[in-house]
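J.: One structure follows; several queries about it will come next.
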Number of protein chains: 2
Amino acid sequence: MKNQVKPRTLAGTVELLPNDQIIFNQMIDKIRKAYESFGFLPVDTPIIELSEILLAKAGGETEKQIYRFNKGDNDLSLRFDLTVPLAKYVSMYQNDLAFPFKRYQIGKVYRGERPQKCRFREFYQCDVDVISDKLDMMSDAEMVNVIYETFQSLDLAKFTICINNRKILNGLFEYLEISDKKVEVLRLIDKIDKIGENAMKQELEKIGINQKKIDKICDFIRMTGNTEEKIAKLKQMKIENKEFSEGLAELEKVTKYVKSFGIPDDNFRIDLKIARGLDYYTGTVYETFFDEYRNLGSVCSGGRYDNLTEYYTDRKFQGVGISIGLTRLFAQLKEMNLIKESNQAIAKVLVVPMTEKETDFALKVAQILRQNQINTDIYSNFYKDMKAKLKYADKLNIPYVCIIGEDEIKEEVVMLKNMKEKKQEKVRVEEMMKIISK
Amino acid sequence: MKNQVKPRTLAGTVELLPNDQIIFNQMIDKIRKAYESFGFLPVDTPIIELSEILLAKAGGETEKQIYRFNKGDNDLSLRFDLTVPLAKYVSMYQNDLAFPFKRYQIGKVYRGERPQKCRFREFYQCDVDVISDKLDMMSDAEMVNVIYETFQSLDLAKFTICINNRKILNGLFEYLEISDKKVEVLRLIDKIDKIGENAMKQELEKIGINQKKIDKICDFIRMTGNTEEKIAKLKQMKIENKEFSEGLAELEKVTKYVKSFGIPDDNFRIDLKIARGLDYYTGTVYETFFDEYRNLGSVCSGGRYDNLTEYYTDRKFQGVGISIGLTRLFAQLKEMNLIKESNQAIAKVLVVPMTEKETDFALKVAQILRQNQINTDIYSNFYKDMKAKLKYADKLNIPYVCIIGEDEIKEEVVMLKNMKEKKQEKVRVEEMMKIISK
């Protein structure tokens with residue numbers, strides 16, 4: 001007897017049972033297909049990188065949470081997002097890439113957080129970004145389109161893509177003469193959904209914003225109306241500093257393109273309270289909500305940034321991108337029973353020879369099925385009884401079982417059992433393929 | 001100016017340029033499709049695990065090579081293969097899984113080796129395994145079929161799947177009364193392709209095997225003939241110990257099933273010198289070679305094992321599986337110019353509005369193309385000239401460029417440029433879709 005270890009998985013990391021893994025993989029497939037439909041190119045950077053690279057922009061939470069270790073002479077870390085590796089990649093291969101560089105990356109990232117519900121130490125991010133020396137607003141609008149097509153194809157729940165522009169908020173703060181406090185104010189606006197408007201007001205007061213200005217901020221971020229009306233109201237405000245004007249012009253252009261893309265009004269909205277916590281956003285910012293499950297928070301977010309590669313190269317690159325935190329989203333969906341396709345299977349049919357004598361014929365049937373693009377499992381453990389074999393098919397959600405016994409071979413047919421309808425009939429192999437392919 | 005870091009990637013890890021990444025991903029897609037065609041279920045275990053779990057079976061190279069580190073109270077490691085995580089997974093979820101449990105996993109594994117040509121610290125493994133309390137030889141034969149279908153669909157080079165059975169070798173050693181040296185002898189047989197037969201003989205002599213026995217070993221592993229002839233010769237040897245008889249019976253059964261599966265004789269062979277270095281194999285072993293590039297070594301290997309989960313649970317599980325080391329294979333293929341599909345693209349067409357005025361129409365055309373399952377990129381940076389736009393399409397291997405100017409809109413057509421044939425023609429949108437979809 002060997003010394004045994006209790007088998008267990010690190011808290012905050014995920015492994016799914018096969019039936020859930022199938023659904024998770026289908027989500028990844030749909031996201032990838034949507035991203036590729038816009039021509040985004042795949043990139044797959046290493047998970048381990050030199051710490052010096054990943055921590056070039058050092059600071060705060062990142063350094064605390066990063067998994068960092070030495071091996072040989074190397075000080076290494078696990079990537080904590082896909083943006084820093086992108087910055088490195090663009091800097092390294094700038095002479096080999098075609099710009100605008102449109103890339104997607106779907107992969108795991110690592111954060112040494114204290115594990116809580118729906119907070120993970122290892123989780124999938126699904127990112128798209130466009131990078132170039134200079135990018136016009138079409139790219140910002142395209143991100144809305146990418147989010148729209150992706151969530152349409154995921155078909156999870158009714159969703160709204162909300163956008164704002166950081167420059168508009170910065171312009172407002174300049175107008176209100178509170179630019180010196182803009183980081184704190186942005187942070188508080190960002191928290192409004194969590195803490196509520198009253199708490200936000202109190203916090204704003206605490207950092208020294210006067211009541212009149214607080215009211216102005218609240219009126220501003222609560223602005224009502226459809227997209228055109230909000231643009232009109234923003235123009236009427238006659239805030240004439242450069243930041244505000246630029247932001248408003250950008251926002252107007254993005255909304256115009258979004259209309260051209262044909263995004264329904266129901267799925268798109270200007271929301272002036274969207275700030276995004278991350279400090280590197282400089283223009284358009286995005287958040288996406290499920291209308292009936294706003295409590296989940298944003299399920300797809302991102303924004304425009306001005307200088308992606310500043311820690312690696314002097315050449316300046318602008319970018320705009322969005323990200324889906326898929327591991328968290330999947331966990332939330334599971335918890336709320338929002339996953340529709342619950343009985344997916346890999347194999348469409350299970351071929352079962354009754355005894356070893358029928359194996360030869362059964363293997364040939366399985367081969368014909370596979371040649372016709374039908375995923376086919378074969379149950380070969382003869383010592384098990386038929387009940388065990390059907391239970392296997394049932395557990396794997398395999399919709400059809402093809403039973404082959406002596407009689408069937410004589411009659412040149414198979415016994416095809418429809419597992420859902422619990423009916424079986426003798427059919428020829430060609431018929432079976434038609435039935436299964438339906 | 002920020003403090004800059006020279007952008008670079010850790011030696012022994014890989015990141016590809018997009019055109020190569022597309023081809024790499026296509027290979028993964030093909031492997032996954034082939035694995036799923038047999039009904040193998042997807043599993044995705046974490047890359048970070050508790051060291052106690054990964055090192056339950058401690059020893060030698062693994063402990064030296066593993067990436068291990070502490071974070072908080074946890075002693076963690078990066079997985080170095082997909083087999084140990086599988087053993088843990090099966091042990092943990094044995095009551096939730098349906099057996100035989102057929103799973104595939106495609107993912108990165110980590111080994112802190114000194115980086116050399118085609119040796120990697122981070123690399124993809126593509127594994128399939130079948131696990132159950134008891135498995136018959138059909139599962140061993142199915143592995144041959146899986147390898148065959150996978151390499152057929154990869155379409156890289158002519159290949160031969162070679163099998164052997166460890167029990168036959170063990171039985172031979174018992175017959176030659178050298179069982180006490182079987183580990184060293186197996187290791188030396190395993191090295192014959194690298195060091196040559198003469199060196200192997202010398203090494204065998206050094207460990208104290210006499211000349212007569214060395215000749216017998218050499219005669220044995222050089223045995224000629226087709227599959228049936230080798231089986232017949234093995235029977236004629238009249239070695240009657242239990243190991244040998246069992247191994248021979250297993251090998252015969254596997255070859256019989258392989259025939260039923262319809263694997264061509266050209267792609268399958270018994271090779272009695274295949275031993276596989278890993279100590280946990282107990283029956284059938286597999287190696288796969290490109291006939292014209294045998295120097296690459298085995299491109300897909302595996303075998304049967306008796307007790308997968310011994311370090312985690314008392315319940316015994318048998319298994320049989322194979323693995324493709326895809327990162328290494330891809331690097332070898334690149335080096336030898338064996339990658340056929342070199343100009344793959346994500347987008348099938350690049351839509352180019354001549355000026356901002358045509359954007360609205362261009363966006364609508366792009367949407368129609370995407371709705372018809374045609375991946376469509378749109379070039380939006382108006383300040384670039386047409387030459388830059390065509391160069392972009394060229395660099396990304398995009399086969400068609402759809403140019404939209406004032407005239408085209410008036411005439412309700414687009415200018416479709418075939419990038420390969422360097423021809424362009426005005427066509428209606430519906431015609432364009434037909435041309436591109438061809």
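Residues are named by chain letter and number: chains run A, B, ... in the order of the structure tokens, numbers start at 1 in each chain, and ligands are numbered from 1 in the order shown.
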Output as a PyMOL selection string the set of chain A residues within 7 Å of chain B, with distances taken over only C-alpha atoms.
T.: chain A and resi 2-10+13-15+18+21-22+36-39+41-46+49-50+53+56+67+69+71+88+91-92+98+135-136+138+260-261+310-313+346-347+360+363-364+367+370+374-377+380-381+392+395
J.: Using only C-alpha atoms, which of A:Val144, A:Ile195, A:Leu169, A:Leu186 sits nearest Val254 in chain A?
T.: A:Val144
